[in-house]
Amino acid sequence: MRQAVYGLPPVDLAEVAGDAVQVSPLIPGSARLEDLSEGSLDVATVLAPPGTVERRYVLAQILRALVPGGRMVALAPKDRGGTRLAKELAAFDCPASDQPRRHHRICTLVRPPAPAGIAAAIEAGGPRHVDNLALCTQPGIFSWDRLDPGTALLLANLPPLKGRGADLGAGLGILSRAVLGSSAVTALTLVEIDRRAVEMAGRNIADPRAAILWADVRTPGTVPGSLDFVVMNPPFHDGGTEDQALGRTFIARAAEALRAGGMLWLVANAHLPYEGALREAFRSVSVTVQAGGYRVYEARR
Ligand SMILES: C[S@@+](CC[C@H](N)C(=O)[O-])C[C@H]1O[C@@H](n2cnc3c(N)ncnc32)[C@H](O)[C@@H]1O
């Protein structure tokens with residue numbers, strides 16, 4: 001039985017075989033969903049993502065890979081797309097049973113011989129160039145089609161940097177592209193957990209000084225050491241829930257990676273209590289600017 005799983009469905013809601021191939025772009029080392037060949041799966045379990053275009057893309061990719069007669073279990077929290085799942089599957093000509101359980105909706109279906117609209121959903125959710133950002137991007141990536149206001153504030157206040165640095169949670173590479181505008185930057189490591197963003201950053205940054213890693217910043221040893229600078233707009237959500245611990249881990253990793261005297265440039269929502277974590281790990285900390293609900297910190301190791 002050839003099985004795949006997308007994401008980490010709660011164990012009490014969906015059973016997943018131990019040998020199922022993981023295809024979520026948010027789990028470093030997973031297989032590429034897009035590389036599954038047609039008819040290569042007998043069973044798939046999908047913890048469907050919250051964005052509509054992204055979710056339809058994932059469901060369509062899985063339907064493409066399932067053999068006719070193959071089985072899909074797709075589930076999502078009710079308030080994060082779950083209530084729309086059955087309707088979206090019906091639009092692919094795939095009627096599904098729809099079961100409510102523990103704030104989720106769980107849809108089960110057998111793939112018909114010819115689902116409808118798969119190619120269109122894959123096209124709509126696939127990579128493309130967005131002119132207003134002048135970047136390659138894909139629905140589902142953080143702030144995929146607009147400049148995040150926090151990122152914009154950091155961009156507007158970042159001085160020309162020099163030496164070796166890192167961009168933690170680099171996304172599409174917007175900060176990195178600006179950093180690499182300084183010819184005094186000799187090397188830059190981008191670390192990003194979302195494989196789609198890693199692929200798009202690879203297209204957006206064609207610079208021999210840049211190394212792009214598909215990795216979790218929380219994993220020790222991921223970020224190189226003795227750096228002169230780190231830039232970041234750290235995530236404050238993990239799987240849709242606010243997670244301040246994630247931001248604090250990013251701060252700790254930046255502190256470990258910097259040489260004595262090295263500089264961290266960080267932007268965050270002003271309401272996030274990062275100042276304590278910064279003061280614990282850095283010799284000096286200042287707020288460079290606060291505007292529009294965001295704060296840019298400059299911290300010296
Ligand atoms: C607030 S966004 C900033 C993206 C980009 N730097 C920008 O300014 O537009 C945070 C990024 O961190 C990534 N991320 C979240 N958790 C991560 C982790 N544990 N390790 C590495 N990257 C992570 C997200 O996928 C997202 O791209």
# chains A, B, ... in the order shown; residues from 1 in each chain; ligands from 1
>>> residues_around(residues="stretch 276-286 of chain A", least_positions_apart="6", cutoff="7 Å", atoms="only C-alpha atoms", output="PyMOL selection string")
chain A and resi 248+251-252+255+297-301
>>> write_last_selection(atoms="C-alpha atoms", output="short mmCIF file (atom, residue, chain, number, x, y, z; two decimals), in the first residue's frame")
data_model
loop_
_atom_site.label_atom_id
_atom_site.label_comp_id
_atom_site.auth_asym_id
_atom_site.auth_seq_id
_atom_site.Cartn_x
_atom_site.Cartn_y
_atom_site.Cartn_z
CA ARG A 248 12.34 33.73 21.72
CA ILE A 251 16.47 35.34 19.44
CA ALA A 252 18.49 32.70 21.32
CA ALA A 255 22.68 35.26 19.97
CA TYR A 297 15.25 46.36 17.66
CA GLU A 298 18.97 46.69 17.28
CA ALA A 299 20.90 44.44 19.69
CA ARG A 300 24.66 44.09 20.16
CA ARG A 301 26.11 40.78 21.30
#
>>> residues_near_ligand(ligand="ligand 1", cutoff="9 Å", atoms="only C-alpha atoms and all ligand atoms", output="JSON, numbers by chain")
{"A": [26, 141, 142, 143, 144, 147, 148, 149, 150, 151, 152, 154, 155, 167, 168, 169, 170, 171, 172, 173, 174, 175, 176, 191, 192, 193, 194, 195, 197, 198, 214, 215, 216, 217, 218, 219, 231, 232, 233, 234, 235, 236, 237, 238, 246, 247, 249, 250, 267, 268]}
>>> select_by_dssp(residues="stretch 121-192 of chain A", states="strand (DSSP E or B)", output="number ranges by chain")
A: 128-130, 135-137, 139, 141, 163-168, 185-192
>>> closest_residue(among="A:Leu47, A:Cys107, A:Cys94, A:Ile212", to="A:Arg80", atoms="only C-alpha atoms")
A:Leu47
>>> residues_around(residues="A:Val16", least_positions_apart="6", cutoff="10 Å", atoms="only C-alpha atoms", output="NGL selection string")
:A and (3-5 or 8-10 or 43-46 or 73)
>>> write_last_selection(atoms="C-alpha atoms", output="mmCIF file, in the first residue's frame")
data_model
loop_
_atom_site.group_PDB
_atom_site.id
_atom_site.type_symbol
_atom_site.label_atom_id
_atom_site.label_comp_id
_atom_site.auth_asym_id
_atom_site.auth_seq_id
_atom_site.Cartn_x
_atom_site.Cartn_y
_atom_site.Cartn_z
ATOM 1 C CA GLN A 3 0.595 6.016 1.409
ATOM 2 C CA ALA A 4 1.275 9.710 1.884
ATOM 3 C CA VAL A 5 0.497 12.205 4.610
ATOM 4 C CA LEU A 8 0.729 16.200 11.171
ATOM 5 C CA PRO A 9 -2.961 15.288 11.648
ATOM 6 C CA PRO A 10 -3.952 14.814 15.321
ATOM 7 C CA VAL A 43 -4.071 6.244 0.377
ATOM 8 C CA ALA A 44 -3.483 9.847 1.436
ATOM 9 C CA THR A 45 -4.223 11.711 4.654
ATOM 10 C CA VAL A 46 -4.238 15.491 4.432
ATOM 11 C CA VAL A 73 -8.974 11.481 4.269
#
>>> select_by_dssp(residues="stretch 212-282 of chain A", states="alpha helix (DSSP H)", output="ChimeraX atom specification")
/A:244-257,275-281
>>> closest_residue(among="A:Leu153, A:Cys136, A:Val11, A:Val230", to="A:Glu199", atoms="only C-alpha atoms")
A:Cys136
>>> atom_distance(atom1="atom CA of A:Leu41", atom2="atom CA of A:Ser24")
15.3 Å
>>> closest_atom_pairs(of="stretch 120-223 of chain A", to="stretch 260-264 of chain A", cutoff="12 Å", atoms="only C-alpha atoms", output="JSON lines")
{"residue": "A:Leu154", "atom": "CA", "partner": "A:Leu264", "partner_atom": "CA", "distance": 11.7}
{"residue": "A:Leu158", "atom": "CA", "partner": "A:Leu264", "partner_atom": "CA", "distance": 10.7}
{"residue": "A:Pro159", "atom": "CA", "partner": "A:Met263", "partner_atom": "CA", "distance": 11.3}
{"residue": "A:Leu161", "atom": "CA", "partner": "A:Met263", "partner_atom": "CA", "distance": 9.5}
{"residue": "A:Lys162", "atom": "CA", "partner": "A:Met263", "partner_atom": "CA", "distance": 10.4}
{"residue": "A:Gly163", "atom": "CA", "partner": "A:Gly262", "partner_atom": "CA", "distance": 10.0}
{"residue": "A:Arg164", "atom": "CA", "partner": "A:Gly262", "partner_atom": "CA", "distance": 9.9}
{"residue": "A:Gly165", "atom": "CA", "partner": "A:Gly262", "partner_atom": "CA", "distance": 9.3}
{"residue": "A:Ala166", "atom": "CA", "partner": "A:Leu264", "partner_atom": "CA", "distance": 9.6}
{"residue": "A:Asp167", "atom": "CA", "partner": "A:Leu264", "partner_atom": "CA", "distance": 10.0}
{"residue": "A:Leu168", "atom": "CA", "partner": "A:Leu264", "partner_atom": "CA", "distance": 10.7}
>>> residues_around(residues="A:Ala60", least_positions_apart="6", cutoff="9 Å", atoms="only C-alpha atoms", output="MDAnalysis selection string")
chainID A and resid 92 115 117:122
>>> atom_distance(atom1="atom CA of A:Pro112", atom2="atom CA of A:Val67")
8.9 Å
>>> closest_residue(among="A:Arg32, A:Arg259, A:Arg203, A:Lys87", to="A:Ala134", atoms="only C-alpha atoms")
A:Arg203
>>> closest_residue(among="A:Arg196, A:Arg146, A:Pro113, A:Arg177", to="A:Pro25", atoms="only C-alpha atoms")
A:Arg196
>>> residues_around(residues="A:Leu85", least_positions_apart="4", cutoff="10 Å", atoms="only C-alpha atoms", output="list in words")
Ala48, Thr52, Arg55, Arg56, Leu59, Ala74, Leu75, Ala76, Lys78, Arg80, Gly81, Leu89, Ala90, Ala91, Ala96, Asp98, Arg105, Ile106 and Cys107 of chain A
>>> residues_around(residues="stretch 37-40 of chain A", least_positions_apart="5", cutoff="8 Å", atoms="only C-alpha atoms", output="PyMOL selection string")
chain A and resi 2+64-68
